[in-house]
Amino acid sequence: MFKATIFVTLKDSVLDPQGVAVKGSLHSLGFVQVQDVRIGKRLEVLLDSESREQAEEQVQAMCEKLLANPVIENFAYEVEEVA
Amino acid sequence: MRFAVTVFPGSNCDIDAIHAIKDVLGESVTAVWHKESDLSKYDAIILPGGFSYGDYLRTGALAAHSPVMEGVREAAEKGKLVIGICNGFQILLETGLLPGAMRKNDHLQFRCSIPTLRVENNETPFTLQYREGELIQIPIAHMEGNYYCDEVTLAELKRNKQIIFRYAGENPNGSIDDIAGICNRNRNVLGMMPHPERAVCDWMGSSDGMKLFTSMLQYWKENYGAA
């Protein structure tokens, strides 16, 4: 079994209104050092793949087809073997 | 003219769309469950508003992979009329039938109001009964209507006159270039955040949405014969 941890984040060029709102709240809590906040998603996917290479190939395809929207989002992932 | 209204788990404006077509426009309309993929017997397809699949992952992302979207894609390729309203617009963006993507409203609030729109292009099957520049009132109700595309795409939308509706007053969601609705290059696929099906009788507060449906009917009669 392989576990993929996938991170989906907004592209730098896309304004993140949630991040801006959270930054404002952090400032009002006194964390004045905060310069920027960007909010993304973390997905954990368990795969019954033959090999790490195959798992990575499948995760790459999943991200391109569904898990990330290439117009506004970037993705990255890590794949580890689990028992 | 035969209309289909697609129904996904979480659609909630399907009945409003059916009412507008059947009771106000007076044409045939069928609700089509998202598991059907053959839409060949319909002349026009409406993707209604709502919260398909609970807006999970991204608005419209899961509905975009439903079997019914194969039928929608085929219909669009054949030049049939496809209109996505609100969540339907989000689904069309996720399928790639229209360019760009939707973000959360810039103020992070759900916005329910009746904004004024400007008809930017009346040379489409959806707007031929409006005047260019006409100001119309069509209600909105959404959390993610903040349309985004990159500069290259925006320039292309402008050059091809694919921007069909803009917010004429205050922009209610932060969309790029005040965009409220766009069409594809062939002019037969329209996506818009405002709800024309909720503005088809005076008692609704506005009947300005009616001309969108009568435009579609006129276009169809002129191109495909009698109703």
# chains A, B, ... in the order shown; residues from 1 in each chain; ligands from 1
$ interface_residues --of "chain A" --to "chain B" --cutoff "10 Å" --atoms "only C-alpha atoms" --output "PyMOL selection string"
chain A and resi 13-18+20-21+41+65-73
$ write_last_selection --atoms "all heavy atoms" --output "tab-separated table (two decimals), in the first residue's frame"
chain	number	residue	atom	x	y	z
A	13	SER	N	-0.38	34.12	-8.35
A	13	SER	CA	-1.03	35.23	-9.06
A	13	SER	C	-2.50	35.37	-8.69
A	13	SER	O	-3.15	36.35	-9.04
A	13	SER	CB	-0.90	35.00	-10.57
A	13	SER	OG	-1.43	33.74	-10.91
A	14	VAL	N	-3.04	34.38	-7.95
A	14	VAL	CA	-4.47	34.41	-7.62
A	14	VAL	C	-4.66	34.89	-6.19
A	14	VAL	O	-4.09	34.33	-5.25
A	14	VAL	CB	-5.09	33.00	-7.78
A	14	VAL	CG1	-6.56	33.00	-7.37
A	14	VAL	CG2	-4.95	32.53	-9.22
A	15	LEU	N	-5.44	35.93	-6.02
A	15	LEU	CA	-5.71	36.48	-4.68
A	15	LEU	C	-6.46	35.44	-3.86
A	15	LEU	O	-7.37	34.77	-4.35
A	15	LEU	CB	-6.56	37.75	-4.81
A	15	LEU	CG	-6.96	38.40	-3.48
A	15	LEU	CD1	-5.80	39.20	-2.92
A	15	LEU	CD2	-8.18	39.28	-3.65
A	16	ASP	N	-6.07	35.29	-2.59
A	16	ASP	CA	-6.73	34.35	-1.70
A	16	ASP	C	-7.52	35.14	-0.65
A	16	ASP	O	-6.97	35.55	0.37
A	16	ASP	CB	-5.67	33.47	-1.03
A	16	ASP	CG	-6.29	32.51	-0.03
A	16	ASP	OD1	-7.53	32.42	0.05
A	16	ASP	OD2	-5.51	31.84	0.68
A	17	PRO	N	-8.83	35.37	-0.88
A	17	PRO	CA	-9.60	36.20	0.07
A	17	PRO	C	-9.66	35.59	1.47
A	17	PRO	O	-9.66	36.33	2.46
A	17	PRO	CB	-10.99	36.29	-0.56
A	17	PRO	CG	-11.01	35.41	-1.75
A	17	PRO	CD	-9.62	34.93	-2.03
A	18	GLN	N	-9.65	34.26	1.57
A	18	GLN	CA	-9.65	33.64	2.91
A	18	GLN	C	-8.34	33.95	3.63
A	18	GLN	O	-8.34	34.25	4.82
A	18	GLN	CB	-9.79	32.12	2.79
A	18	GLN	CG	-11.14	31.66	2.31
A	18	GLN	CD	-11.25	30.13	2.43
A	18	GLN	OE1	-11.74	29.63	3.42
A	18	GLN	NE2	-10.79	29.42	1.43
A	20	VAL	N	-6.42	36.50	3.20
A	20	VAL	CA	-6.42	37.92	3.58
A	20	VAL	C	-7.22	38.10	4.87
A	20	VAL	O	-6.81	38.82	5.80
A	20	VAL	CB	-7.00	38.78	2.44
A	20	VAL	CG1	-7.18	40.23	2.89
A	20	VAL	CG2	-6.07	38.74	1.22
A	21	ALA	N	-8.38	37.43	4.96
A	21	ALA	CA	-9.23	37.56	6.15
A	21	ALA	C	-8.54	36.98	7.38
A	21	ALA	O	-8.57	37.56	8.47
A	21	ALA	CB	-10.57	36.85	5.91
A	41	LYS	N	-5.20	23.09	0.52
A	41	LYS	CA	-5.82	21.84	0.97
A	41	LYS	C	-4.77	20.75	1.03
A	41	LYS	O	-3.83	20.74	0.25
A	41	LYS	CB	-6.86	21.37	-0.06
A	41	LYS	CG	-8.05	22.24	-0.18
A	41	LYS	CD	-8.93	21.71	-1.33
A	41	LYS	CE	-9.70	22.85	-1.93
A	41	LYS	NZ	-10.19	22.59	-3.25
A	65	LYS	N	-6.49	15.66	-13.47
A	65	LYS	CA	-7.86	15.48	-13.94
A	65	LYS	C	-8.91	16.04	-13.00
A	65	LYS	O	-9.97	16.47	-13.43
A	65	LYS	CB	-8.15	13.99	-14.14
A	65	LYS	CG	-7.53	13.44	-15.41
A	65	LYS	CD	-7.99	12.01	-15.66
A	65	LYS	CE	-7.38	11.49	-16.95
A	65	LYS	NZ	-7.35	10.05	-17.02
A	66	LEU	N	-8.66	15.99	-11.70
A	66	LEU	CA	-9.73	16.33	-10.77
A	66	LEU	C	-9.30	17.12	-9.54
A	66	LEU	O	-9.94	18.12	-9.19
A	66	LEU	CB	-10.43	15.03	-10.30
A	66	LEU	CG	-11.56	15.20	-9.28
A	66	LEU	CD1	-12.72	15.98	-9.87
A	66	LEU	CD2	-12.05	13.85	-8.78
A	67	LEU	N	-8.22	16.69	-8.89
A	67	LEU	CA	-7.97	17.21	-7.54
A	67	LEU	C	-7.53	18.67	-7.53
A	67	LEU	O	-7.76	19.38	-6.56
A	67	LEU	CB	-6.95	16.32	-6.83
A	67	LEU	CG	-7.39	14.86	-6.69
A	67	LEU	CD1	-6.34	14.04	-5.94
A	67	LEU	CD2	-8.74	14.76	-5.97
A	68	ALA	N	-6.89	19.14	-8.61
A	68	ALA	CA	-6.50	20.55	-8.67
A	68	ALA	C	-7.08	21.16	-9.95
A	68	ALA	O	-7.26	20.47	-10.95
A	68	ALA	CB	-4.99	20.68	-8.68
A	69	ASN	N	-7.40	22.42	-9.88
A	69	ASN	CA	-7.85	23.14	-11.08
A	69	ASN	C	-6.67	23.94	-11.62
A	69	ASN	O	-6.23	24.91	-10.99
A	69	ASN	CB	-9.02	24.07	-10.73
A	69	ASN	CG	-9.53	24.83	-11.95
A	69	ASN	OD1	-8.80	25.04	-12.90
A	69	ASN	ND2	-10.79	25.22	-11.90
A	70	PRO	N	-6.12	23.54	-12.78
A	70	PRO	CA	-4.88	24.15	-13.28
A	70	PRO	C	-5.01	25.65	-13.57
A	70	PRO	O	-4.00	26.35	-13.67
A	70	PRO	CB	-4.60	23.37	-14.56
A	70	PRO	CG	-5.89	22.75	-14.95
A	70	PRO	CD	-6.64	22.50	-13.68
A	71	VAL	N	-6.24	26.15	-13.67
A	71	VAL	CA	-6.41	27.60	-13.95
A	71	VAL	C	-5.98	28.43	-12.74
A	71	VAL	O	-5.39	29.50	-12.89
A	71	VAL	CB	-7.88	27.92	-14.33
A	71	VAL	CG1	-8.06	29.40	-14.59
A	71	VAL	CG2	-8.31	27.11	-15.54
A	72	ILE	N	-6.28	27.94	-11.54
A	72	ILE	CA	-6.01	28.75	-10.35
A	72	ILE	C	-5.13	28.06	-9.31
A	72	ILE	O	-4.70	28.70	-8.36
A	72	ILE	CB	-7.32	29.20	-9.65
A	72	ILE	CG1	-8.26	28.01	-9.45
A	72	ILE	CG2	-8.01	30.31	-10.41
A	72	ILE	CD1	-9.47	28.32	-8.57
A	73	GLU	N	-4.87	26.76	-9.49
A	73	GLU	CA	-4.19	26.02	-8.42
A	73	GLU	C	-2.92	25.31	-8.88
A	73	GLU	O	-2.81	24.91	-10.04
A	73	GLU	CB	-5.14	24.97	-7.81
A	73	GLU	CG	-6.31	25.59	-7.07
A	73	GLU	CD	-7.37	24.57	-6.64
A	73	GLU	OE1	-7.54	23.54	-7.33
A	73	GLU	OE2	-8.02	24.81	-5.62
$ select_by_dssp --residues "chain B" --states "strand (DSSP E or B)" --output "count of residues only"
58
$ residues_around --residues "region 188-201 of chain B" --least-positions-apart "2" --cutoff "8 Å" --atoms "only C-alpha atoms" --output "MDAnalysis selection string"
chainID B and resid 16:17 20 24 49 76 79:90 92 97:98 124:126 137:142 145 165 180:184 186 203:210 212
$ atom_distance --atom1 "CA of Arg187 (chain B)" --atom2 "CA of Glu64 (chain A)"
27.6 Å
$ atom_distance --atom1 "CA of Ser66 (chain B)" --atom2 "CA of Arg42 (chain A)"
24.0 Å
$ atom_distance --atom1 "CA of Thr214 (chain B)" --atom2 "CA of Ser52 (chain B)"
27.2 Å
$ select_by_dssp --residues "region 21-182 of chain B" --states "helix (DSSP H, G or I)" --output "PyMOL selection string"
chain B and resi 21-25+52-55+63-65+68-77+87-95+151-159+176-178
$ write_last_selection --atoms "C-alpha atoms" --output "mmCIF file, in the first residue's frame"
data_model
loop_
_atom_site.group_PDB
_atom_site.id
_atom_site.type_symbol
_atom_site.label_atom_id
_atom_site.label_comp_id
_atom_site.auth_asym_id
_atom_site.auth_seq_id
_atom_site.Cartn_x
_atom_site.Cartn_y
_atom_site.Cartn_z
ATOM 1 C CA ILE B 21 -39.598 26.923 -19.573
ATOM 2 C CA LYS B 22 -42.873 25.043 -19.128
ATOM 3 C CA ASP B 23 -45.218 27.584 -17.555
ATOM 4 C CA VAL B 24 -43.829 30.891 -18.782
ATOM 5 C CA LEU B 25 -42.094 30.128 -22.095
ATOM 6 C CA SER B 52 -24.039 19.919 -6.707
ATOM 7 C CA TYR B 53 -22.198 17.376 -4.543
ATOM 8 C CA GLY B 54 -22.278 19.864 -1.674
ATOM 9 C CA ASP B 55 -19.649 21.998 -3.436
ATOM 10 C CA ALA B 63 -20.509 17.288 -11.238
ATOM 11 C CA ALA B 64 -18.147 17.986 -14.147
ATOM 12 C CA HIS B 65 -17.332 14.264 -14.233
ATOM 13 C CA VAL B 68 -24.643 13.611 -18.096
ATOM 14 C CA MET B 69 -21.753 15.937 -18.872
ATOM 15 C CA GLU B 70 -20.733 13.660 -21.755
ATOM 16 C CA GLY B 71 -24.130 14.397 -23.260
ATOM 17 C CA VAL B 72 -23.698 18.102 -22.580
ATOM 18 C CA ARG B 73 -20.300 18.080 -24.271
ATOM 19 C CA GLU B 74 -21.743 16.307 -27.326
ATOM 20 C CA ALA B 75 -24.645 18.747 -27.506
ATOM 21 C CA ALA B 76 -22.246 21.697 -27.294
ATOM 22 C CA GLU B 77 -20.114 20.265 -30.100
ATOM 23 C CA ASN B 87 -23.580 26.364 -10.132
ATOM 24 C CA GLY B 88 -24.190 25.391 -13.775
ATOM 25 C CA PHE B 89 -21.666 28.081 -14.806
ATOM 26 C CA GLN B 90 -19.185 26.675 -12.271
ATOM 27 C CA ILE B 91 -19.686 23.192 -13.771
ATOM 28 C CA LEU B 92 -19.089 24.495 -17.330
ATOM 29 C CA LEU B 93 -15.812 26.067 -16.157
ATOM 30 C CA GLU B 94 -14.719 22.809 -14.502
ATOM 31 C CA THR B 95 -15.462 20.818 -17.673
ATOM 32 C CA GLU B 151 -4.675 38.158 -18.816
ATOM 33 C CA VAL B 152 -4.259 36.255 -22.083
ATOM 34 C CA THR B 153 -7.672 34.609 -21.724
ATOM 35 C CA LEU B 154 -9.304 37.905 -20.746
ATOM 36 C CA ALA B 155 -7.887 39.611 -23.843
ATOM 37 C CA GLU B 156 -9.230 36.754 -25.941
ATOM 38 C CA LEU B 157 -12.695 36.989 -24.332
ATOM 39 C CA LYS B 158 -12.773 40.714 -25.143
ATOM 40 C CA ARG B 159 -11.485 40.309 -28.686
ATOM 41 C CA ILE B 176 -12.348 40.124 -13.059
ATOM 42 C CA ASP B 177 -13.475 42.960 -15.364
ATOM 43 C CA ASP B 178 -16.952 42.919 -13.678
#
$ closest_residue --among "A:Glu50, A:Phe31, A:Glu56, A:Ile39" --to "Thr5 (chain A)" --atoms "only C-alpha atoms"
A:Glu56
$ decode --residues "region 185-213 of chain B" --atoms "N, CA and C atoms" --output "PDB file, in the first residue's frame"
ATOM      1  N   ARG B 185     -16.565  30.489 -27.929  1.00  0.00           N
ATOM      2  CA  ARG B 185     -16.306  31.175 -29.207  1.00  0.00           C
ATOM      3  C   ARG B 185     -17.437  30.953 -30.198  1.00  0.00           C
ATOM      4  N   ASN B 186     -18.073  29.786 -30.134  1.00  0.00           N
ATOM      5  CA  ASN B 186     -19.156  29.491 -31.078  1.00  0.00           C
ATOM      6  C   ASN B 186     -20.486  30.117 -30.672  1.00  0.00           C
ATOM      7  N   ARG B 187     -20.539  30.759 -29.506  1.00  0.00           N
ATOM      8  CA  ARG B 187     -21.740  31.467 -29.049  1.00  0.00           C
ATOM      9  C   ARG B 187     -22.896  30.545 -28.660  1.00  0.00           C
ATOM     10  N   ASN B 188     -22.663  29.233 -28.550  1.00  0.00           N
ATOM     11  CA  ASN B 188     -23.790  28.350 -28.211  1.00  0.00           C
ATOM     12  C   ASN B 188     -23.719  27.810 -26.786  1.00  0.00           C
ATOM     13  N   VAL B 189     -22.676  28.176 -26.053  1.00  0.00           N
ATOM     14  CA  VAL B 189     -22.572  27.786 -24.640  1.00  0.00           C
ATOM     15  C   VAL B 189     -22.406  29.056 -23.815  1.00  0.00           C
ATOM     16  N   LEU B 190     -23.353  29.277 -22.892  1.00  0.00           N
ATOM     17  CA  LEU B 190     -23.332  30.483 -22.054  1.00  0.00           C
ATOM     18  C   LEU B 190     -23.247  30.084 -20.588  1.00  0.00           C
ATOM     19  N   GLY B 191     -22.410  30.766 -19.841  1.00  0.00           N
ATOM     20  CA  GLY B 191     -22.379  30.593 -18.388  1.00  0.00           C
ATOM     21  C   GLY B 191     -22.605  31.940 -17.734  1.00  0.00           C
ATOM     22  N   MET B 192     -23.463  31.968 -16.715  1.00  0.00           N
ATOM     23  CA  MET B 192     -23.722  33.244 -16.023  1.00  0.00           C
ATOM     24  C   MET B 192     -24.039  32.993 -14.550  1.00  0.00           C
ATOM     25  N   MET B 193     -23.566  33.892 -13.682  1.00  0.00           N
ATOM     26  CA  MET B 193     -23.881  33.755 -12.260  1.00  0.00           C
ATOM     27  C   MET B 193     -25.318  34.180 -11.954  1.00  0.00           C
ATOM     28  N   PRO B 194     -25.854  35.262 -12.528  1.00  0.00           N
ATOM     29  CA  PRO B 194     -27.236  35.652 -12.233  1.00  0.00           C
ATOM     30  C   PRO B 194     -28.235  34.600 -12.731  1.00  0.00           C
ATOM     31  N   HIS B 195     -29.414  34.614 -12.116  1.00  0.00           N
ATOM     32  CA  HIS B 195     -30.448  33.606 -12.366  1.00  0.00           C
ATOM     33  C   HIS B 195     -31.581  34.155 -13.228  1.00  0.00           C
ATOM     34  N   PRO B 196     -31.532  34.008 -14.552  1.00  0.00           N
ATOM     35  CA  PRO B 196     -32.624  34.516 -15.389  1.00  0.00           C
ATOM     36  C   PRO B 196     -33.948  33.807 -15.115  1.00  0.00           C
ATOM     37  N   GLU B 197     -33.875  32.527 -14.672  1.00  0.00           N
ATOM     38  CA  GLU B 197     -35.116  31.774 -14.418  1.00  0.00           C
ATOM     39  C   GLU B 197     -35.867  32.314 -13.201  1.00  0.00           C
ATOM     40  N   ARG B 198     -35.205  33.148 -12.392  1.00  0.00           N
ATOM     41  CA  ARG B 198     -35.876  33.752 -11.237  1.00  0.00           C
ATOM     42  C   ARG B 198     -36.356  35.158 -11.553  1.00  0.00           C
ATOM     43  N   ALA B 199     -36.328  35.525 -12.831  1.00  0.00           N
ATOM     44  CA  ALA B 199     -36.779  36.866 -13.236  1.00  0.00           C
ATOM     45  C   ALA B 199     -37.599  36.734 -14.511  1.00  0.00           C
ATOM     46  N   VAL B 200     -38.711  35.982 -14.405  1.00  0.00           N
ATOM     47  CA  VAL B 200     -39.519  35.743 -15.597  1.00  0.00           C
ATOM     48  C   VAL B 200     -40.969  36.217 -15.432  1.00  0.00           C
ATOM     49  N   CYS B 201     -41.315  36.827 -14.307  1.00  0.00           N
ATOM     50  CA  CYS B 201     -42.660  37.366 -14.078  1.00  0.00           C
ATOM     51  C   CYS B 201     -42.491  38.637 -13.249  1.00  0.00           C
ATOM     52  N   ASP B 202     -43.348  39.614 -13.466  1.00  0.00           N
ATOM     53  CA  ASP B 202     -43.218  40.872 -12.736  1.00  0.00           C
ATOM     54  C   ASP B 202     -43.273  40.665 -11.217  1.00  0.00           C
ATOM     55  N   TRP B 203     -44.140  39.720 -10.778  1.00  0.00           N
ATOM     56  CA  TRP B 203     -44.254  39.524  -9.324  1.00  0.00           C
ATOM     57  C   TRP B 203     -42.966  39.003  -8.695  1.00  0.00           C
ATOM     58  N   MET B 204     -42.039  38.511  -9.515  1.00  0.00           N
ATOM     59  CA  MET B 204     -40.753  38.054  -8.970  1.00  0.00           C
ATOM     60  C   MET B 204     -39.822  39.232  -8.653  1.00  0.00           C
ATOM     61  N   GLY B 205     -40.240  40.433  -9.059  1.00  0.00           N
ATOM     62  CA  GLY B 205     -39.387  41.595  -8.839  1.00  0.00           C
ATOM     63  C   GLY B 205     -38.756  42.073 -10.130  1.00  0.00           C
ATOM     64  N   SER B 206     -38.678  41.181 -11.123  1.00  0.00           N
ATOM     65  CA  SER B 206     -38.162  41.534 -12.441  1.00  0.00           C
ATOM     66  C   SER B 206     -38.581  40.443 -13.421  1.00  0.00           C
ATOM     67  N   SER B 207     -38.878  40.845 -14.629  1.00  0.00           N
ATOM     68  CA  SER B 207     -39.124  39.839 -15.676  1.00  0.00           C
ATOM     69  C   SER B 207     -38.077  39.958 -16.776  1.00  0.00           C
ATOM     70  N   ASP B 208     -36.950  40.606 -16.434  1.00  0.00           N
ATOM     71  CA  ASP B 208     -35.913  40.871 -17.447  1.00  0.00           C
ATOM     72  C   ASP B 208     -35.212  39.606 -17.946  1.00  0.00           C
ATOM     73  N   GLY B 209     -35.349  38.500 -17.197  1.00  0.00           N
ATOM     74  CA  GLY B 209     -34.694  37.265 -17.622  1.00  0.00           C
ATOM     75  C   GLY B 209     -35.442  36.556 -18.737  1.00  0.00           C
ATOM     76  N   MET B 210     -36.726  36.953 -18.922  1.00  0.00           N
ATOM     77  CA  MET B 210     -37.563  36.236 -19.881  1.00  0.00           C
ATOM     78  C   MET B 210     -37.015  36.316 -21.300  1.00  0.00           C
ATOM     79  N   LYS B 211     -36.451  37.488 -21.639  1.00  0.00           N
ATOM     80  CA  LYS B 211     -35.961  37.668 -23.016  1.00  0.00           C
ATOM     81  C   LYS B 211     -34.805  36.732 -23.350  1.00  0.00           C
ATOM     82  N   LEU B 212     -34.108  36.247 -22.317  1.00  0.00           N
ATOM     83  CA  LEU B 212     -33.048  35.284 -22.576  1.00  0.00           C
ATOM     84  C   LEU B 212     -33.656  33.994 -23.137  1.00  0.00           C
ATOM     85  N   PHE B 213     -34.767  33.568 -22.533  1.00  0.00           N
ATOM     86  CA  PHE B 213     -35.387  32.318 -22.989  1.00  0.00           C
ATOM     87  C   PHE B 213     -36.125  32.521 -24.313  1.00  0.00           C
TER      88      PHE B 213
END
